[in-house]
Amino acid sequence: MLDIKKLSISYGKHKALDDITFHIDKGEVVGLLGPSGSGKTTFMNTVAGLIPYNHGEVLIDGLNPNEKTKGYVSLLTENNAIPKWMSVEDIRSFYIDMYDDFNENKFDSILQDINIDIPYSEKIKNLSRGMTQLLRLSLSIAREAKLYLFDEPLGGMDTLVREQVIDTIINNIDDNSTIIIATHLIQEVEKLLDKVIFIKKGQMLGIHDCEDLRFQKSQSIEKTFKEVMK
Ligand SMILES: Nc1ncnc2c1ncn2[C@@H]1O[C@H](COP(=O)(O)OP(=O)(O)OP(=O)(O)O)[C@@H](O)[C@H]1O
């Protein structure tokens, strides 16, 4: 589903990603784990087609990131905030117009499942931070995407909302879809993950099958992450 070959990205002289190579199969849930500034957002934005690259290659289902891949890659980041003046209905309509793969029935049912009891006429500016985050996640998940990129999906949320986010991802994403979750909150997402990629200062330190790694090290992924990042 995703092939990354010798990918490097620089901002001026600063190398944000340095010679990254890995492969992810269809249906895998992969954690991109690294501390702040390790290049996670740069990576996600590159795969989403928002950052051009000229070193290495990114192949999503055989294609370089382009308008076509944007149609089946669903990116959730802190940066794609919903304008505050919009109502829930406005943003729902926007997604219907914008994305061919947006399933409005799925969106409605996710909102019901997570008990967000808000009228569709409500403006985003009147929603709590947690509610807004859940709404953004629901929009992203309601796309029937082949590849979901969740960049710090738990950022700024309290424990209860974090659990809701994890459950919403588990309950609403098809097993055939591929998911990459970039985060430094490993304990919270660990149960979701099939594989982990460790990244530090733009360099990939390894890609591992989670079960193998837990067995090999006899400890949680979070503990191994802390050791690796020292
Ligand atoms: N637009 C930019 N211009 C210059 N440098 C940048 C830019 N965006 C990111 N960087 C730098 O590139 C490096 C990687 O940043 P990036 O945001 O990709 O990391 P991250 O792992 O997502 O961090 P965080 O978890 O804090 O968001 C950092 O050193 C950052 O300062």
# chains A, B, ... in the order shown; residues from 1 in each chain; ligands from 1
>>> residues_near_ligand(ligand="ligand 1", cutoff="6 Å", atoms="only C-alpha atoms and all ligand atoms", output="number ranges by chain")
A: 11, 16, 35-42
>>> write_last_selection(atoms="N, CA and C atoms", output="PDB file, in the first residue's frame")
ATOM      1  N   TYR A  11      14.265  21.513   5.081  1.00  0.00           N
ATOM      2  CA  TYR A  11      13.790  22.897   5.132  1.00  0.00           C
ATOM      3  C   TYR A  11      15.058  23.737   5.145  1.00  0.00           C
ATOM      4  N   ALA A  16      14.750  17.451   7.709  1.00  0.00           N
ATOM      5  CA  ALA A  16      13.654  17.002   8.571  1.00  0.00           C
ATOM      6  C   ALA A  16      13.434  15.505   8.436  1.00  0.00           C
ATOM      7  N   PRO A  35       9.799  11.571  19.156  1.00  0.00           N
ATOM      8  CA  PRO A  35       9.585  12.764  19.975  1.00  0.00           C
ATOM      9  C   PRO A  35       9.280  13.983  19.113  1.00  0.00           C
ATOM     10  N   SER A  36       8.974  15.062  19.772  1.00  0.00           N
ATOM     11  CA  SER A  36       8.689  16.311  19.079  1.00  0.00           C
ATOM     12  C   SER A  36       9.869  16.699  18.178  1.00  0.00           C
ATOM     13  N   GLY A  37       9.553  17.104  16.950  1.00  0.00           N
ATOM     14  CA  GLY A  37      10.611  17.555  16.039  1.00  0.00           C
ATOM     15  C   GLY A  37      11.299  16.430  15.289  1.00  0.00           C
ATOM     16  N   SER A  38      10.787  15.197  15.414  1.00  0.00           N
ATOM     17  CA  SER A  38      11.478  14.070  14.762  1.00  0.00           C
ATOM     18  C   SER A  38      11.129  13.937  13.280  1.00  0.00           C
ATOM     19  N   GLY A  39      10.118  14.664  12.816  1.00  0.00           N
ATOM     20  CA  GLY A  39       9.791  14.642  11.387  1.00  0.00           C
ATOM     21  C   GLY A  39       8.466  13.966  11.055  1.00  0.00           C
ATOM     22  N   LYS A  40       7.666  13.678  12.080  1.00  0.00           N
ATOM     23  CA  LYS A  40       6.407  12.952  11.858  1.00  0.00           C
ATOM     24  C   LYS A  40       5.437  13.744  10.970  1.00  0.00           C
ATOM     25  N   THR A  41       5.251  15.009  11.318  1.00  0.00           N
ATOM     26  CA  THR A  41       4.304  15.836  10.557  1.00  0.00           C
ATOM     27  C   THR A  41       4.799  16.037   9.131  1.00  0.00           C
ATOM     28  N   THR A  42       6.089  16.228   8.990  1.00  0.00           N
ATOM     29  CA  THR A  42       6.667  16.381   7.649  1.00  0.00           C
ATOM     30  C   THR A  42       6.371  15.141   6.822  1.00  0.00           C
TER      31      THR A  42
END
>>> closest_atom_pairs(of="region 10-120 of chain A", to="region 158-173 of chain A", cutoff="12 Å", atoms="only C-alpha atoms", output="JSON lines")
{"residue": "A:Gly27", "atom": "CA", "partner": "A:Ile173", "partner_atom": "CA", "distance": 10.0}
{"residue": "A:Glu28", "atom": "CA", "partner": "A:Ile173", "partner_atom": "CA", "distance": 11.5}
{"residue": "A:Val29", "atom": "CA", "partner": "A:Ile170", "partner_atom": "CA", "distance": 10.4}
{"residue": "A:Ser74", "atom": "CA", "partner": "A:Ile173", "partner_atom": "CA", "distance": 11.7}
{"residue": "A:Asn103", "atom": "CA", "partner": "A:Asn172", "partner_atom": "CA", "distance": 11.7}
{"residue": "A:Lys106", "atom": "CA", "partner": "A:Asn172", "partner_atom": "CA", "distance": 8.3}
{"residue": "A:Phe107", "atom": "CA", "partner": "A:Asn172", "partner_atom": "CA", "distance": 9.8}
{"residue": "A:Asp108", "atom": "CA", "partner": "A:Asn172", "partner_atom": "CA", "distance": 11.9}
{"residue": "A:Ser109", "atom": "CA", "partner": "A:Asn172", "partner_atom": "CA", "distance": 9.6}
{"residue": "A:Ile110", "atom": "CA", "partner": "A:Thr168", "partner_atom": "CA", "distance": 7.5}
{"residue": "A:Leu111", "atom": "CA", "partner": "A:Thr168", "partner_atom": "CA", "distance": 9.7}
{"residue": "A:Gln112", "atom": "CA", "partner": "A:Thr168", "partner_atom": "CA", "distance": 11.1}
{"residue": "A:Asp113", "atom": "CA", "partner": "A:Thr168", "partner_atom": "CA", "distance": 8.2}
{"residue": "A:Ile114", "atom": "CA", "partner": "A:Gln164", "partner_atom": "CA", "distance": 7.1}
{"residue": "A:Asn115", "atom": "CA", "partner": "A:Gln164", "partner_atom": "CA", "distance": 10.0}
{"residue": "A:Ile116", "atom": "CA", "partner": "A:Gln164", "partner_atom": "CA", "distance": 11.0}
>>> closest_residue(among="A:Lys195, A:Arg143, A:Lys226, A:Arg136", to="Asp212 (chain A)", atoms="only C-alpha atoms")
A:Lys195
>>> closest_residue(among="A:Asp151, A:Asp194, A:Glu222, A:Asp61", to="Phe43 (chain A)", atoms="only C-alpha atoms")
A:Asp151
>>> residues_around(residues="Ile197 (chain A)", least_positions_apart="3", cutoff="9 Å", atoms="only C-alpha atoms", output="list in words")
Phe22, Val30, Gly31, Leu32, Leu33, Gly34, Met204, Leu205, Gly206, Ile207 and His208 of chain A
>>> closest_residue(among="A:Leu149, A:Leu137, A:Ile124, A:Val47", to="Pro83 (chain A)", atoms="only C-alpha atoms")
A:Ile124
>>> atom_distance(atom1="CA of Asn45 (chain A)", atom2="CA of Leu185 (chain A)")
19.6 Å
>>> atom_distance(atom1="CA of Asn54 (chain A)", atom2="CA of Gly202 (chain A)")
16.0 Å
>>> select_by_dssp(residues="region 36-95 of chain A", states="strand (DSSP E)", output="list in words")
His55, Gly56, Glu57, Val58, Leu59, Ile60, Val73, Ser74, Leu75 and Leu76 of chain A
>>> residues_around(residues="Arg214 (chain A)", least_positions_apart="2", cutoff="12 Å", atoms="only C-alpha atoms", output="list in words")
Glu190, Lys191, Leu193, Asp194, Lys195, Val196, His208, Asp209, Cys210, Glu211, Asp212, Gln216, Lys217, Ser218, Gln219, Ser220, Ile221, Glu222, Lys223, Thr224 and Phe225 of chain A
>>> atom_distance(atom1="CA of Gly71 (chain A)", atom2="CA of Pro153 (chain A)")
20.6 Å
>>> closest_residue(among="A:Tyr99, A:Phe94, A:Tyr148, A:Phe215", to="Met1 (chain A)", atoms="only C-alpha atoms")
A:Tyr148
>>> select_by_dssp(residues="region 24-106 of chain A", states="alpha helix (DSSP H)", output="NGL selection string")
:A and (40-47 or 67-70 or 88-98 or 104-106)
>>> residues_around(residues="Val58 (chain A)", least_positions_apart="4", cutoff="8 Å", atoms="only C-alpha atoms", output="mmCIF file with N, CA and C atoms, in the first residue's frame")
data_model
loop_
_atom_site.group_PDB
_atom_site.id
_atom_site.type_symbol
_atom_site.label_atom_id
_atom_site.label_comp_id
_atom_site.auth_asym_id
_atom_site.auth_seq_id
_atom_site.Cartn_x
_atom_site.Cartn_y
_atom_site.Cartn_z
ATOM 1 N N LEU A 2 1.920 1.223 0.818
ATOM 2 C CA LEU A 2 2.788 2.407 0.882
ATOM 3 C C LEU A 2 4.251 1.981 0.813
ATOM 4 N N ASP A 3 4.942 2.548 -0.176
ATOM 5 C CA ASP A 3 6.366 2.281 -0.330
ATOM 6 C C ASP A 3 7.136 3.585 -0.219
ATOM 7 N N ILE A 4 8.024 3.641 0.739
ATOM 8 C CA ILE A 4 8.861 4.826 0.917
ATOM 9 C C ILE A 4 10.292 4.394 0.629
ATOM 10 N N LYS A 5 10.911 5.100 -0.333
ATOM 11 C CA LYS A 5 12.272 4.700 -0.714
ATOM 12 C C LYS A 5 13.221 5.889 -0.629
ATOM 13 N N LEU A 7 13.649 8.430 1.151
ATOM 14 C CA LEU A 7 13.015 9.761 1.183
ATOM 15 C C LEU A 7 13.777 10.719 2.114
ATOM 16 N N VAL A 47 3.236 12.437 2.421
ATOM 17 C CA VAL A 47 2.420 11.349 1.873
ATOM 18 C C VAL A 47 1.054 11.891 1.429
ATOM 19 N N LEU A 63 1.242 4.867 -6.831
ATOM 20 C CA LEU A 63 1.284 6.221 -7.410
ATOM 21 C C LEU A 63 2.035 7.194 -6.507
ATOM 22 N N ASN A 64 2.736 8.140 -7.114
ATOM 23 C CA ASN A 64 3.310 9.245 -6.338
ATOM 24 C C ASN A 64 2.147 10.105 -5.839
ATOM 25 N N PRO A 65 2.322 10.797 -4.708
ATOM 26 C CA PRO A 65 1.230 11.636 -4.211
ATOM 27 C C PRO A 65 0.791 12.644 -5.275
#
